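**Student:** This is the structure, below, for whatever I ask next.
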Number of protein chains: 2
Amino acid sequence: MKKVQLGPKTLLYPMPAFLIGADIAGRPNFMTAAWSGIACSTPPMLTVALQHHRHTLRGIKENGVFSVNIPSADLVKETDYCGIVSGQKEDKVAACRFTVFYGLLKTAPMIEQCPVNLECKVMHTLHLGSHALVIGQIEEVHVSEDCLAGEEPDLLKINPLIYCTGAEKTYHAFGQRLAQAFSVGMEIEKAKP
Amino acid sequence: MKKVQLGPKTLLYPMPAFLIGADIAGRPNFMTAAWSGIACSTPPMLTVALQHHRHTLRGIKENGVFSVNIPSADLVKETDYCGIVSGQKEDKVAACRFTVFYGLLKTAPMIEQCPVNLECKVMHTLHLGSHALVIGQIEEVHVSEDCLAGEEPDLLKINPLIYCTGAEKTYHAFGQRLAQAFSVGMEIEKAKP
């Protein structure tokens with residue numbers, strides 16, 4: 001199969017579309033971030049990359065805490081809006097009609113309408129070039145009661161967004177369930193000669 | 001809306017399912033990683049978190065380079081298998097019938113069957129607890145020619161996997177296109193009083 005070289009590019013599938021929350025001078029603000037992932041299991045940690053000039057980054061430095069809010073597909077407009085405009089100029093909470101709540105860390109604002117909210121404490125900040133890579137320890141996870149199946153989060157009820165890069169930048173929904181993890185791969189093991 | 005607290009957890013949607021490649025003592029090996037994300041734009045960088053005992057991490061340290069291979073949905077069995085077994089015991093390349101190729105960095109093995117392959121050079125390694133967080137600079141991106149639309153990667157042709165955590169750990173396909181990014185959010189701006 002012929003491979004074509006595209007040069008160095010930030011090309012991954014899937015990318016998330018998270019709403020990163022921070023208080024700036026006592027006022028909650030949220031920005032959209034696709035550049036985030038899990039960094040450690042024990043203790044649980046995640047990364048989020050923010051451009052140095054970001055209003056949200058100012059708030060993260062101010063309080064040493066932030067939140068990661070996972071929007072559902074019905075918040076696609078709000079998610080996109082929070083990635084277009086700056087909290088320096090606009091009150092995004094008012095424009096998006098977000099209901100803000102606080103939890104364990106007191107100063108990490110969270111969005112009630114997002115089905116999953118993680119409160120994080122800053123552990124490390126690396127200056128990598130255009131972006132600051134913030135490594136946060138996940139201190140608490142909040143899930144909307146109606147998005148649980150028993151005591152576990154239910155993917156179909158959460159209905160999260162995917163951000164896609166490529167010819168066109170788009171948001172997608174989750175598609176069909178393909179297989180169970182830590183299980184379907186054993187068919188390869190069994191098929192070995 | 002009532003929120004339920006689940007305690008500190010590595011709960012994000014979506015998570016990827018990447019095949020991380022490294023040569024160990026001259027032999028290519030691949031492991032599945034869901035804990036990865038973009039870390040910087042200029043220069044392009046990404047993170048991948050690996051448990052300290054991982055055979056693949058040994059190879060990454062040995063060569064200072066690694067690859068990120070993005071599997072398509074039809075590689076779901078192989079992707080799961082590479083997360084279950086260790087390259088210390090099994091020849092995963094043979095078991096999965098992967099065709100391995102090398103590029104710019106010479107010692108970062110890549111999988112021809114995966115539609116997108118990123119070659120990365122290690123810039124930083126952070127020891128965070130159970131995991132080492134490897135920060136790699138993306139030096140080259142390879143895309144299978146039949147997964148391009150003109151000069152850009154085509155999501156429908158790439159058909160990537162999503163890894164999902166929750167009550168059940170599963171792989172999912174991408175679903176419907178919901179909206180165009182950096183565009184649909186302007187409806188919020190226009191609706192402001």
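Identifiers in this document derive from the order of the structure tokens: chains are assigned A, B, ..., residues are numbered from 1 separately in each chain, and ligands are numbered from 1 in order of occurrence.
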Can you list, as a ChimeraX atom specification, all residues belonging to range 71-169 of chain B that DSSP tags as helix (DSSP H, G or I)?
**Tutor:** /B:73-84,92-96,145-147,155-158
**Student:** Would you put the residues from that selection into a file with N, CA, C and O atoms, as a short mmCIF file (atom, residue, chain, number, x, y, z; two decimals), in the first residue's frame?
**Tutor:**
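What landed in out19.cif:
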```
data_model
loop_
_atom_site.label_atom_id
_atom_site.label_comp_id
_atom_site.auth_asym_id
_atom_site.auth_seq_id
_atom_site.Cartn_x
_atom_site.Cartn_y
_atom_site.Cartn_z
N ALA B 73 -11.37 0.68 11.88
CA ALA B 73 -12.31 -0.22 12.57
C ALA B 73 -12.08 -1.69 12.21
O ALA B 73 -12.29 -2.57 13.05
N ASP B 74 -11.61 -1.96 11.01
CA ASP B 74 -11.41 -3.37 10.62
C ASP B 74 -10.18 -4.00 11.29
O ASP B 74 -9.93 -5.20 11.14
N LEU B 75 -9.44 -3.20 12.06
CA LEU B 75 -8.30 -3.75 12.83
C LEU B 75 -8.64 -3.86 14.32
O LEU B 75 -7.74 -3.88 15.16
N VAL B 76 -9.91 -3.94 14.64
CA VAL B 76 -10.31 -3.93 16.06
C VAL B 76 -9.75 -5.14 16.83
O VAL B 76 -9.31 -5.01 17.97
N LYS B 77 -9.73 -6.30 16.21
CA LYS B 77 -9.18 -7.50 16.88
C LYS B 77 -7.70 -7.34 17.15
O LYS B 77 -7.22 -7.64 18.25
N GLU B 78 -6.97 -6.89 16.13
CA GLU B 78 -5.52 -6.72 16.26
C GLU B 78 -5.20 -5.65 17.32
O GLU B 78 -4.28 -5.80 18.11
N THR B 79 -5.99 -4.58 17.32
CA THR B 79 -5.78 -3.49 18.28
C THR B 79 -5.98 -4.02 19.70
O THR B 79 -5.18 -3.73 20.60
N ASP B 80 -7.02 -4.78 19.90
CA ASP B 80 -7.29 -5.31 21.23
C ASP B 80 -6.21 -6.31 21.65
O ASP B 80 -5.72 -6.28 22.79
N TYR B 81 -5.82 -7.16 20.71
CA TYR B 81 -4.78 -8.17 20.99
C TYR B 81 -3.48 -7.50 21.47
O TYR B 81 -2.87 -7.96 22.44
N CYS B 82 -3.09 -6.42 20.82
CA CYS B 82 -1.83 -5.73 21.16
C CYS B 82 -1.91 -5.03 22.53
O CYS B 82 -0.89 -4.57 23.04
N GLY B 83 -3.09 -4.95 23.09
CA GLY B 83 -3.26 -4.41 24.44
C GLY B 83 -3.36 -5.49 25.49
O GLY B 83 -3.31 -5.22 26.69
N ILE B 84 -3.52 -6.73 25.05
CA ILE B 84 -3.70 -7.86 25.98
C ILE B 84 -2.38 -8.57 26.23
O ILE B 84 -2.04 -8.89 27.36
N LYS B 92 4.03 -10.03 18.27
CA LYS B 92 2.72 -9.50 17.91
C LYS B 92 2.64 -9.17 16.42
O LYS B 92 1.57 -9.26 15.82
N VAL B 93 3.75 -8.79 15.82
CA VAL B 93 3.77 -8.47 14.39
C VAL B 93 3.37 -9.71 13.57
O VAL B 93 2.54 -9.63 12.66
N ALA B 94 3.94 -10.86 13.96
CA ALA B 94 3.61 -12.11 13.26
C ALA B 94 2.16 -12.52 13.53
O ALA B 94 1.41 -12.85 12.60
N ALA B 95 1.76 -12.46 14.79
CA ALA B 95 0.40 -12.89 15.15
C ALA B 95 -0.66 -12.04 14.44
O ALA B 95 -1.71 -12.55 14.05
N CYS B 96 -0.39 -10.74 14.29
CA CYS B 96 -1.35 -9.83 13.66
C CYS B 96 -1.13 -9.69 12.15
O CYS B 96 -1.88 -8.98 11.50
N GLU B 145 -2.43 6.12 0.80
CA GLU B 145 -2.89 6.91 -0.36
C GLU B 145 -4.40 6.77 -0.58
O GLU B 145 -5.08 7.74 -0.91
N ASP B 146 -4.94 5.57 -0.31
CA ASP B 146 -6.37 5.36 -0.55
C ASP B 146 -7.26 5.95 0.56
O ASP B 146 -8.47 5.82 0.52
N CYS B 147 -6.64 6.59 1.56
CA CYS B 147 -7.41 7.25 2.63
C CYS B 147 -7.33 8.78 2.52
O CYS B 147 -7.67 9.50 3.46
N LEU B 155 -11.84 11.23 6.67
CA LEU B 155 -12.31 10.50 7.86
C LEU B 155 -13.06 9.22 7.50
O LEU B 155 -12.85 8.18 8.13
N LEU B 156 -13.93 9.28 6.51
CA LEU B 156 -14.76 8.12 6.16
C LEU B 156 -13.90 6.97 5.65
O LEU B 156 -14.19 5.81 5.90
N LYS B 157 -12.82 7.31 4.94
CA LYS B 157 -11.92 6.27 4.43
C LYS B 157 -11.03 5.72 5.55
O LYS B 157 -10.71 4.53 5.58
N ILE B 158 -10.60 6.59 6.45
CA ILE B 158 -9.74 6.17 7.56
C ILE B 158 -10.54 5.29 8.53
O ILE B 158 -10.04 4.30 9.03
#
```
**Student:** Hey, could you make a per-residue contact list for range 128-152 of chain B against range 107-130 of chain A with 10 Å as the cut-off, showing the nearest pair of atoms and its distance in Å to one decimal, counting only C-alpha atoms, sorted by chain and number, as a tab-separated table?
**Tutor:**
```
residue	atom	partner	partner_atom	distance
B:Leu128	CA	A:Met123	CA	9.5
B:Ile135	CA	A:Leu128	CA	9.6
B:Gln137	CA	A:Leu128	CA	9.9
```
**Student:** Check range 13-184 of chain A with DSSP on the backbone and list each residue it calls strand (DSSP E), as a ChimeraX atom specification.
**Tutor:** /A:18-24,27-33,36-40,45-51,65-70,100-101,110-111,116-127,131-144,148-149,152-153,161-164,170-180
**Student:** Can you list, as a ChimeraX atom specification, every protein, DNA or RNA residue that comes within 6 Å of Glu152 in chain B when you count only C-alpha atoms, leaving out same-chain residues fewer than 2 positions away?
**Tutor:** /A:166-167 /B:148-150
**Student:** Between B:Gly64, B:Gly59, B:Gly103, B:Gly21, which residue has the minimum interatomic distance to chain A, considering only C-alpha atoms?
**Tutor:**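 Answer, going by the shortest atom-to-atom distance: B:Gly103.
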**Student:** Between B:Ile70, B:Met45, B:Leu104, B:Leu57, which has the minimum distance to Asn29 in chain B (counting only C-alpha atoms)?
**Tutor:**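 Using only C-alpha atoms, the shortest distance to Asn29 in chain B belongs to B:Leu57.
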**Student:** Nearest to Ser41 in chain B: which of A:Lys106, A:His172, A:Lys9, A:Lys89 is it, counting only C-alpha atoms?
**Tutor:**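 Distance minimum relative to Ser41 in chain B lands on A:Lys9.
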**Student:** Between CA of Gly87 in chain B and CA of Leu46 in chain A, measure the distance and give it in Å to one decimal.
**Tutor:**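 Distance between the two atoms: 26.5 Å.
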**Student:** Of the candidates B:Ala49, B:Val85, B:Val134, B:Val100, which one gets nearest to chain A if we count only C-alpha atoms?
**Tutor:**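 Closest residue, counting only C-alpha atoms: B:Ala49.
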**Student:** So how many Å separate CA of Asp23 in chain A and CA of Thr42 in chain A, to one decimal?
**Tutor:**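 Between CA of Asp23 in chain A and CA of Thr42 in chain A the gap works out to 27.1 Å.
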